[in-house]
file model00.txt (compact mmCIF, C-alpha atoms)
# COMPACT_ATOMS: atom_id res chain seq x y z
CA MET A 642 -3.74 -19.32 -15.14
CA VAL A 643 -4.92 -17.88 -11.83
CA TYR A 644 -6.18 -20.12 -9.06
CA TRP A 645 -8.33 -18.56 -6.37
CA LEU A 646 -8.28 -20.50 -3.19
CA ASP A 647 -10.97 -21.51 -0.74
CA PHE A 648 -9.50 -20.26 2.51
CA VAL A 649 -12.30 -20.61 5.07
CA TYR A 650 -11.81 -23.81 6.95
CA SER A 651 -14.27 -23.24 9.76
CA PRO A 652 -16.65 -26.15 10.41
CA PRO A 653 -20.31 -25.08 9.98
CA TRP A 654 -21.09 -25.28 13.70
CA PHE A 655 -18.28 -22.76 14.37
CA TYR A 656 -19.62 -20.13 11.92
CA GLY A 657 -20.17 -16.87 13.73
CA LYS A 658 -18.10 -17.88 16.72
CA ASP A 659 -14.88 -17.39 14.74
CA ILE A 660 -16.19 -13.96 13.69
CA ALA A 661 -16.80 -13.09 17.35
CA ILE A 662 -13.20 -14.11 18.18
CA ASP A 663 -11.88 -11.95 15.34
CA ILE A 664 -14.02 -8.98 16.46
CA LEU A 665 -12.56 -9.27 19.96
CA SER A 666 -9.01 -9.56 18.56
CA ALA A 667 -9.64 -6.51 16.35
CA ILE A 668 -10.88 -4.48 19.34
CA VAL A 669 -7.75 -5.39 21.35
CA VAL A 670 -5.26 -4.41 18.63
CA LEU A 671 -7.16 -1.24 17.67
CA LEU A 672 -7.28 -0.21 21.32
CA ILE A 673 -3.50 -0.54 21.57
CA GLY A 674 -3.08 1.19 18.18
CA VAL A 675 -5.16 4.21 19.21
CA PHE A 676 -3.42 4.39 22.59
CA SER A 677 -0.04 4.29 20.90
CA PHE A 678 -1.09 7.06 18.50
CA LYS A 679 -2.10 9.19 21.50
CA ASN A 680 1.40 8.58 22.90
CA PHE A 681 2.86 9.76 19.60
CA LEU A 682 0.83 12.98 19.84
CA LEU A 683 2.29 13.46 23.31
CA ASP A 684 5.88 12.88 22.20
CA LYS A 685 6.18 13.50 18.46
CA LYS A 686 9.98 13.16 18.60
CA ASN A 687 9.66 9.44 19.29
CA LYS A 688 8.64 8.01 15.91
CA ARG A 689 8.54 4.49 17.36
CA HIS A 690 5.16 5.30 18.94
CA PHE A 691 3.84 6.24 15.51
CA PHE A 692 5.13 3.03 13.90
CA LEU A 693 3.77 0.93 16.76
CA SER A 694 0.34 2.51 16.28
CA CYS A 695 0.62 1.84 12.52
CA ALA A 696 1.42 -1.84 13.20
CA PHE A 697 -1.55 -2.37 15.51
CA ILE A 698 -3.93 -0.39 13.31
CA LEU A 699 -2.85 -2.48 10.30
CA LEU A 700 -3.53 -5.63 12.32
CA GLY A 701 -6.91 -4.22 13.32
CA LEU A 702 -7.74 -3.49 9.68
CA SER A 703 -6.63 -7.00 8.72
CA PHE A 704 -9.06 -8.47 11.26
CA ILE A 705 -11.84 -6.22 9.96
CA THR A 706 -11.10 -7.43 6.41
CA LYS A 707 -11.17 -11.07 7.60
CA ILE A 708 -14.49 -10.48 9.38
CA VAL A 709 -16.06 -8.91 6.28
CA VAL A 710 -14.74 -11.72 4.08
CA ASN A 711 -16.02 -14.37 6.50
CA ILE A 712 -19.46 -12.75 6.62
CA LEU A 713 -19.47 -12.57 2.82
CA THR A 714 -18.46 -16.20 2.52
CA HIS A 715 -20.87 -17.43 5.19
CA THR A 716 -23.80 -15.60 3.63
CA GLN A 717 -22.73 -16.46 0.09
CA GLY A 718 -24.76 -19.67 0.01
CA TRP A 719 -28.20 -18.33 0.87
CA LEU A 720 -27.55 -14.95 -0.76
CA SER A 721 -26.70 -16.50 -4.09
CA LYS A 722 -29.01 -19.47 -4.15
CA GLN A 723 -32.16 -17.99 -2.66
CA PHE A 724 -31.93 -14.22 -2.62
CA TRP A 725 -30.20 -13.49 -5.92
CA LEU A 726 -31.95 -16.34 -7.74
CA SER A 727 -35.35 -14.94 -6.78
CA ILE A 728 -34.40 -11.30 -7.46
CA LEU A 729 -32.24 -11.57 -10.57
CA GLY A 730 -33.10 -15.04 -11.75
CA THR A 731 -29.42 -15.94 -11.68
CA GLU A 732 -26.78 -16.98 -9.15
CA ILE A 733 -23.81 -14.73 -8.55
CA ILE A 734 -21.46 -17.08 -6.79
CA LYS A 735 -18.43 -16.06 -8.83
CA PRO A 736 -18.32 -12.35 -7.91
CA TYR A 737 -18.61 -13.30 -4.23
CA GLY A 738 -15.79 -15.84 -4.61
CA PHE A 739 -13.67 -13.17 -6.27
CA LEU A 740 -14.38 -10.66 -3.49
CA SER A 741 -13.50 -13.26 -0.86
CA ALA A 742 -10.20 -14.03 -2.57
CA ILE A 743 -9.30 -10.34 -2.87
CA GLY A 744 -10.33 -9.89 0.76
CA PHE A 745 -8.13 -12.78 1.83
CA LEU A 746 -5.12 -11.33 -0.01
CA LEU A 747 -5.75 -7.93 1.58
CA TYR A 748 -6.03 -9.65 4.97
CA ALA A 749 -2.71 -11.45 4.31
CA LEU A 750 -0.96 -8.24 3.22
CA LEU A 751 -2.19 -6.17 6.19
CA THR A 752 -1.38 -8.94 8.70
CA LEU A 753 2.14 -9.49 7.38
CA PHE A 754 2.96 -5.77 7.24
CA GLY A 755 1.54 -5.32 10.77
CA PHE A 756 3.69 -8.13 12.20
CA TYR A 757 6.66 -6.94 10.16
CA ILE A 758 6.52 -3.44 11.65
CA LEU A 759 6.28 -5.00 15.12
CA TYR A 760 9.32 -7.12 14.28
CA VAL A 761 11.28 -4.03 13.18
CA LEU A 762 10.25 -2.13 16.32
CA SER A 763 11.26 -4.96 18.64
CA SER A 764 14.83 -4.42 17.42
CA LYS A 765 16.96 -1.45 18.43
CA ASP A 766 18.44 -1.21 14.92
CA GLU A 767 17.96 1.87 12.80
CA LEU A 768 15.77 1.68 9.71
CA SER A 769 17.80 0.61 6.66
CA MET A 770 17.39 -0.69 3.12
CA ASN A 771 17.13 -4.27 4.49
CA TYR A 772 13.62 -3.42 5.58
CA VAL A 773 12.65 -2.38 2.07
CA ILE A 774 13.87 -5.74 0.76
CA ILE A 775 11.86 -7.61 3.42
CA ALA A 776 8.82 -5.49 2.54
CA TYR A 777 9.28 -6.68 -1.05
CA PHE A 778 9.35 -10.30 0.12
CA ILE A 779 6.10 -9.71 2.01
CA LEU A 780 4.48 -8.65 -1.26
CA VAL A 781 5.88 -11.78 -2.93
CA SER A 782 4.56 -14.03 -0.12
CA THR A 783 1.16 -12.38 -0.39
CA TYR A 784 1.18 -13.07 -4.14
CA PHE A 785 1.95 -16.75 -3.59
CA THR A 786 -0.71 -16.98 -0.87
CA ARG A 787 -3.18 -17.05 -3.80
CA PHE A 788 -1.94 -20.53 -4.66
CA THR A 789 -1.07 -21.93 -1.24
CA TYR A 790 -3.04 -20.36 1.60
CA PHE A 791 -0.68 -21.45 4.41
CA ILE A 792 2.22 -19.29 3.17
CA ILE A 793 0.69 -16.35 5.03
CA TYR A 794 0.61 -18.35 8.27
CA ILE A 795 4.20 -19.60 7.83
CA THR A 796 5.43 -16.03 7.20
CA ALA A 797 3.39 -14.65 10.11
CA PHE A 798 4.72 -17.48 12.30
CA ILE A 799 8.34 -16.57 11.45
CA PHE A 800 7.78 -12.88 12.21
CA LEU A 801 5.94 -13.65 15.44
CA PHE A 802 8.55 -16.16 16.55
CA ALA A 803 11.26 -13.48 16.11
CA ILE A 804 9.11 -10.86 17.91
CA THR A 805 8.44 -13.23 20.83
CA ARG A 806 12.14 -14.11 21.09
CA ARG A 807 13.08 -10.43 21.21
CA TYR A 808 10.52 -9.65 23.91
CA PHE A 809 11.85 -12.51 26.03
CA LEU A 810 15.42 -11.25 25.52
CA CYS A 811 14.21 -7.79 26.53
CA TYR A 812 12.62 -9.33 29.66
CA ASN A 813 15.93 -11.04 30.50
CA GLU A 814 17.60 -7.62 30.43
CA THR A 815 14.97 -5.57 32.24
CA LYS A 816 13.18 -8.23 34.35
CA TYR A 817 10.06 -6.14 33.83
CA LYS A 818 6.91 -8.19 34.46
CA ASN A 819 4.78 -6.53 31.76
CA THR A 820 7.39 -7.35 29.10
CA LEU A 821 7.18 -10.99 30.20
CA CYS A 822 3.37 -10.84 29.82
CA LEU A 823 3.85 -9.31 26.37
CA GLY A 824 6.27 -12.10 25.43
CA ILE A 825 3.80 -14.74 26.62
CA SER A 826 0.88 -13.18 24.70
CA PHE A 827 2.93 -13.01 21.50
CA GLY A 828 4.13 -16.56 22.17
CA VAL A 829 0.52 -17.76 22.29
CA ILE A 830 -0.35 -15.81 19.11
CA THR A 831 2.72 -17.41 17.45
CA LEU A 832 1.40 -20.85 18.43
CA SER A 833 -2.00 -19.98 16.91
CA GLN A 834 -0.32 -19.11 13.57
CA PHE A 835 1.54 -22.42 13.68
CA VAL A 836 -1.73 -24.32 14.21
CA PHE A 837 -3.42 -22.31 11.40
CA ILE A 838 -0.90 -23.83 8.95
CA PHE A 839 -2.62 -27.21 9.28
CA THR A 840 -6.25 -26.06 9.05
CA SER A 841 -6.86 -27.58 5.61
CA SER A 842 -6.22 -31.12 6.88
CA ASN A 843 -8.86 -31.02 9.62
CA HIS A 844 -11.61 -28.49 10.37
CA ALA A 845 -11.26 -29.05 14.10
CA ILE A 846 -7.73 -27.61 13.87
CA TYR A 847 -9.22 -24.30 12.67
CA VAL A 848 -11.32 -24.18 15.85
CA LEU A 849 -8.24 -24.96 17.96
CA ALA A 850 -6.20 -22.25 16.19
CA GLU A 851 -8.98 -19.66 16.68
CA LEU A 852 -9.26 -20.55 20.38
CA ILE A 853 -5.49 -20.24 20.86
CA GLN A 854 -5.63 -16.89 19.05
CA LEU A 855 -8.41 -15.78 21.42
CA VAL A 856 -6.27 -16.69 24.46
CA GLY A 857 -3.30 -14.82 22.93
CA TYR A 858 -5.21 -11.60 22.30
CA LEU A 859 -6.97 -11.78 25.68
CA PHE A 860 -3.55 -12.05 27.29
CA LEU A 861 -2.42 -9.05 25.24
CA LEU A 862 -5.46 -7.15 26.57
CA TYR A 863 -4.49 -8.19 30.11
CA THR A 864 -0.94 -6.86 29.50
CA PHE A 865 -2.37 -3.57 28.20
CA VAL A 866 -4.60 -3.22 31.27
CA MET A 867 -1.60 -3.95 33.52
CA VAL A 868 0.38 -1.18 31.78
CA LEU A 869 -2.42 1.31 32.49
CA ARG A 870 -2.82 0.07 36.05
CA ASN A 871 0.91 0.37 36.77
CA ALA A 872 0.89 3.94 35.43
CA LYS A 873 -2.00 4.78 37.75
CA LYS A 874 -0.12 3.42 40.76
CA LYS A 875 2.83 5.71 39.98
CA LYS A 876 2.87 8.98 41.86
CA MET B 1334 8.49 20.07 37.49
CA LEU B 1335 4.93 18.78 37.27
CA GLN B 1336 5.98 15.55 38.93
CA THR B 1337 7.68 17.51 41.71
CA ILE B 1338 4.57 19.61 42.37
CA SER B 1339 2.44 16.45 42.24
CA ASN B 1340 4.70 14.72 44.79
CA LYS B 1341 4.13 17.69 47.08
CA GLY B 1342 0.37 17.20 46.96
CA GLY B 1343 -0.26 19.46 43.97
CA ARG B 1344 0.77 22.72 45.68
CA ILE B 1345 4.27 24.12 46.19
CA LYS B 1346 6.06 27.40 46.86
CA PRO B 1347 8.10 28.62 43.85
CA THR B 1348 11.34 28.65 45.86
CA HIS B 1349 10.77 25.05 47.00
CA LEU B 1350 10.12 24.00 43.44
CA MET B 1351 13.32 25.68 42.30
CA TYR B 1352 15.37 23.67 44.83
CA LYS B 1353 13.47 20.39 44.32
CA ALA B 1354 13.70 20.57 40.52
CA ASN B 1355 17.33 21.71 40.74
CA LEU B 1356 16.80 24.68 38.42
CA SER B 1357 18.16 28.22 38.29
CA HIS B 1358 15.71 31.10 38.67
CA THR B 1359 15.90 31.96 34.95
CA GLN B 1360 15.36 28.36 33.86
CA MET B 1361 12.44 27.93 36.22
CA LYS B 1362 10.75 31.10 35.05
CA LEU B 1363 11.08 29.94 31.45
CA TYR B 1364 9.52 26.54 32.20
CA LEU B 1365 6.83 28.00 34.45
CA ASP B 1366 5.71 30.40 31.72
CA GLU B 1367 5.38 27.49 29.30
CA LEU B 1368 3.47 25.35 31.79
CA MET B 1369 1.14 28.24 32.58
CA ASP B 1370 0.59 29.01 28.91
CA LYS B 1371 -0.49 25.40 28.47
CA ASN B 1372 -2.75 25.60 31.54
CA LEU B 1373 -0.91 22.78 33.26
CA ILE B 1374 -0.23 24.84 36.38
CA GLU B 1375 -1.64 28.02 37.91
CA GLU B 1376 -0.61 30.55 40.53
CA GLU B 1377 -2.45 31.10 43.78
CA ASN B 1378 -2.00 33.86 46.31
CA ARG B 1379 -2.85 32.82 49.83
CA GLY B 1380 -2.13 35.07 52.81
CA GLY B 1381 0.21 37.17 50.74
CA ARG B 1382 2.29 34.11 49.74
CA LYS B 1383 2.56 32.76 46.24
CA PHE B 1384 1.90 29.08 45.53
CA LEU B 1385 1.99 27.01 42.35
CA LEU B 1386 -0.87 24.57 41.78
CA ILE B 1387 -1.33 21.76 39.29
CA THR B 1388 -4.52 22.12 37.28
CA GLN B 1389 -6.82 19.22 36.32
CA LYS B 1390 -5.24 19.34 32.87
CA GLY B 1391 -1.84 19.07 34.52
CA TYR B 1392 -2.90 15.97 36.46
CA SER B 1393 -4.24 14.28 33.34
CA PHE B 1394 -0.99 15.13 31.53
CA ILE B 1395 1.05 13.44 34.28
CA GLN B 1396 -1.28 10.42 34.07
CA GLN B 1397 -0.86 10.24 30.28
CA TYR B 1398 2.89 10.69 30.56
CA ASN B 1399 3.19 7.86 33.11
CA GLN B 1400 1.11 5.60 30.86
CA MET B 1401 3.38 6.42 27.93
CA LYS B 1402 6.51 5.65 29.95
CA GLU B 1403 5.04 2.32 31.15
CA PHE B 1404 4.12 1.48 27.57
CA GLU B 1405 7.63 2.33 26.32
CA LYS B 1406 9.15 0.18 29.07
CA THR B 1407 6.88 -2.77 28.25
CA PHE B 1408 7.46 -2.66 24.48
CA GLY B 1409 11.13 -1.70 24.83
CA LEU B 1410 10.60 1.36 22.61
call {"tool": "encode", "arguments": {"input": "model00.txt", "output": "C-alpha cells"}}
result
Amino acid sequence: MVYWLDFVYSPPWFYGKDIAIDILSAIVVLLIGVFSFKNFLLDKKNKRHFFLSCAFILLGLSFITKIVVNILTHTQGWLSKQFWLSILGTEIIKPYGFLSAIGFLLYALLTLFGFYILYVLSSKDELSMNYVIIAYFILVSTYFTRFTYFIIYITAFIFLFAITRRYFLCYNETKYKNTLCLGISFGVITLSQFVFIFTSSNHAIYVLAELIQLVGYLFLLYTFVMVLRNAKKKK
Amino acid sequence: MLQTISNKGGRIKPTHLMYKANLSHTQMKLYLDELMDKNLIEEENRGGRKFLLITQKGYSFIQQYNQMKEFEKTFGL
C-alpha cells in the first residue's frame, strides 16, 4: 500500500511568504550555478567547475519544484472546491494531491543530489565507486521520504553538516575570509534543515526554519558578491 | 602575459614583455599570435615603435579569470 504524505506545514498566514523565500533562495543558487558554468567554459580542463554548476543548478531546480508544488497545494482548495466544481461539476482533489506528492519527491531527489555533489566537491578525493553507492542510498532515502517526510531533511542535514565542516577545515588551512563566509552560510543552511525536521510538531517551527534558510542563502549571496568584489580589486 | 601588460597600464613594448613574462623570443611569438588571434591584444605603431595593447575583450577576460580564481579559492576547488 502506498501512502502519500502531506508535506506542507506552513501556517495559513505564512502562505506566499514561504514561496517568496524559496524564490530568493532559487535565484541565489541559480546565480552561482550559472557563474560556475561560465567558469567551466573558461577552463574546461577543470571539471570541478562543471560539477559545482550542476550542484547549484540542481538545487535551483529543486527550489523551483518546491515553489510550483507549494503554489499547487495553496491553490488546491479554491481550485478544486469552487473552480472545478463549477466547471466540471466535480472536485479533483486527488490528482492535485498526487502531483504535490510527486513534486515533493522530485524536490527531495534534486535537493539531495545537489547537496551530495557539493559534499563530493568539498573533498579533494578522486571520484570512485563509493559515490555511486551513496547515490544509490540517496534514491533509497527519497523513496522512504514518501512515508516519513523528515528523512529528506535528516539526509540533507548530514550532507550539509559534512560540507560545512570541510569548509571550516579549508578555512583553517587557508585563512581565507570568503571561505569562512561560505562555511558560515552553509552552517546556517544546515541549521535550517535541522529545524525543518520538527515542522510537523508545530507550524511555527516551519516559519522559523524558512527564516533561518533565508538568512543562510542571503549570507551565501553576500559571499558570492564578496568573491566578485575581491576579483575586481585585483589588478 | 595579459596580466603583465595590464600591470603596465595596458600598453607595453614587446621586449619589455619578453623580460617581464620571462619568455624566450620564440615562446613569446607563439603566445602573442594566439592572443592576437583571439583579439585579446593588438599591436600599435607609435612614432616608429611597436607597442602591445590589451583590447576591451582582453580586459574582460582578465576580469573573468580573476573572478574564477577567487571562486576556486573560496570553494577550495
call {"tool": "atom_distance", "arguments": {"input": "model00.txt", "atom1": "atom CA of A:Ile662", "atom2": "atom CA of A:Leu862"}}
result
13.4 Å
call {"tool": "interface_residues", "arguments": {"input": "model00.txt", "of": "chain B", "to": "chain A", "cutoff": "6 Å", "atoms": "all atoms listed in the file", "output": "list in words"}}
result
Asn1399, Gln1400, Met1401, Glu1403 and Thr1407 of chain B
call {"tool": "residues_near_point", "arguments": {"input": "model00.txt", "point": "(6.5, 20.2, 37.3)", "cutoff": "10 Å", "atoms": "all atoms listed in the file", "output": "list of chain:residue names"}}
result
B:Met1334, B:Leu1335, B:Gln1336, B:Thr1337, B:Ile1338, B:Ser1339, B:Asn1340, B:Gly1343, B:Ile1345, B:Leu1350, B:Lys1353, B:Ala1354, B:Met1361, B:Tyr1364, B:Leu1365, B:Leu1368, B:Leu1373, B:Ile1374, B:Leu1385, B:Leu1386, B:Ile1387, B:Gly1391, B:Ile1395
call {"tool": "closest_residue", "arguments": {"input": "model00.txt", "among": "B:Pro1347, B:Phe1384, B:Glu1375, B:Glu1405", "to": "B:Lys1362", "atoms": "all atoms listed in the file"}}
result
B:Pro1347
call {"tool": "atom_distance", "arguments": {"input": "model00.txt", "atom1": "atom CA of A:Leu855", "atom2": "atom CA of A:Thr805"}}
result
17.1 Å
call {"tool": "atom_distance", "arguments": {"input": "model00.txt", "atom1": "atom CA of A:Gly828", "atom2": "atom CA of A:Leu700"}}
result
16.6 Å
call {"tool": "axis_aligned_box", "arguments": {"input": "model00.txt", "around": "stretch 1354-1365 of chain B", "padding_each_side": "6 Å", "output": "JSON"}}
result
{"center_x": 12.5, "center_y": 26.3, "center_z": 36.1, "size_x": 23.3, "size_y": 23.4, "size_z": 21.3}
call {"tool": "residues_around", "arguments": {"input": "model00.txt", "residues": "A:Tyr772", "least_positions_apart": "6", "cutoff": "12 Å", "atoms": "all atoms listed in the file", "output": "PDB file with C-alpha atoms, in the coordinates of the input"}}
result
ATOM      1  CA  PHE A 754       2.960  -5.770   7.240  1.00  0.00           C
ATOM      2  CA  TYR A 757       6.660  -6.940  10.160  1.00  0.00           C
ATOM      3  CA  ILE A 758       6.520  -3.440  11.650  1.00  0.00           C
ATOM      4  CA  TYR A 760       9.320  -7.120  14.280  1.00  0.00           C
ATOM      5  CA  VAL A 761      11.280  -4.030  13.180  1.00  0.00           C
ATOM      6  CA  LEU A 762      10.250  -2.130  16.320  1.00  0.00           C
ATOM      7  CA  SER A 764      14.830  -4.420  17.420  1.00  0.00           C
ATOM      8  CA  ASP A 766      18.440  -1.210  14.920  1.00  0.00           C
ATOM      9  CA  PHE A 778       9.350 -10.300   0.120  1.00  0.00           C
ATOM     10  CA  ILE A 779       6.100  -9.710   2.010  1.00  0.00           C
TER      11      ILE A 779
END
call {"tool": "residues_around", "arguments": {"input": "model00.txt", "residues": "A:Asp659", "least_positions_apart": "5", "cutoff": "9 Å", "atoms": "only C-alpha atoms", "output": "NGL selection string"}}
result
:A and (651 or 664 or 708 or 711 or 848 or 851-852)
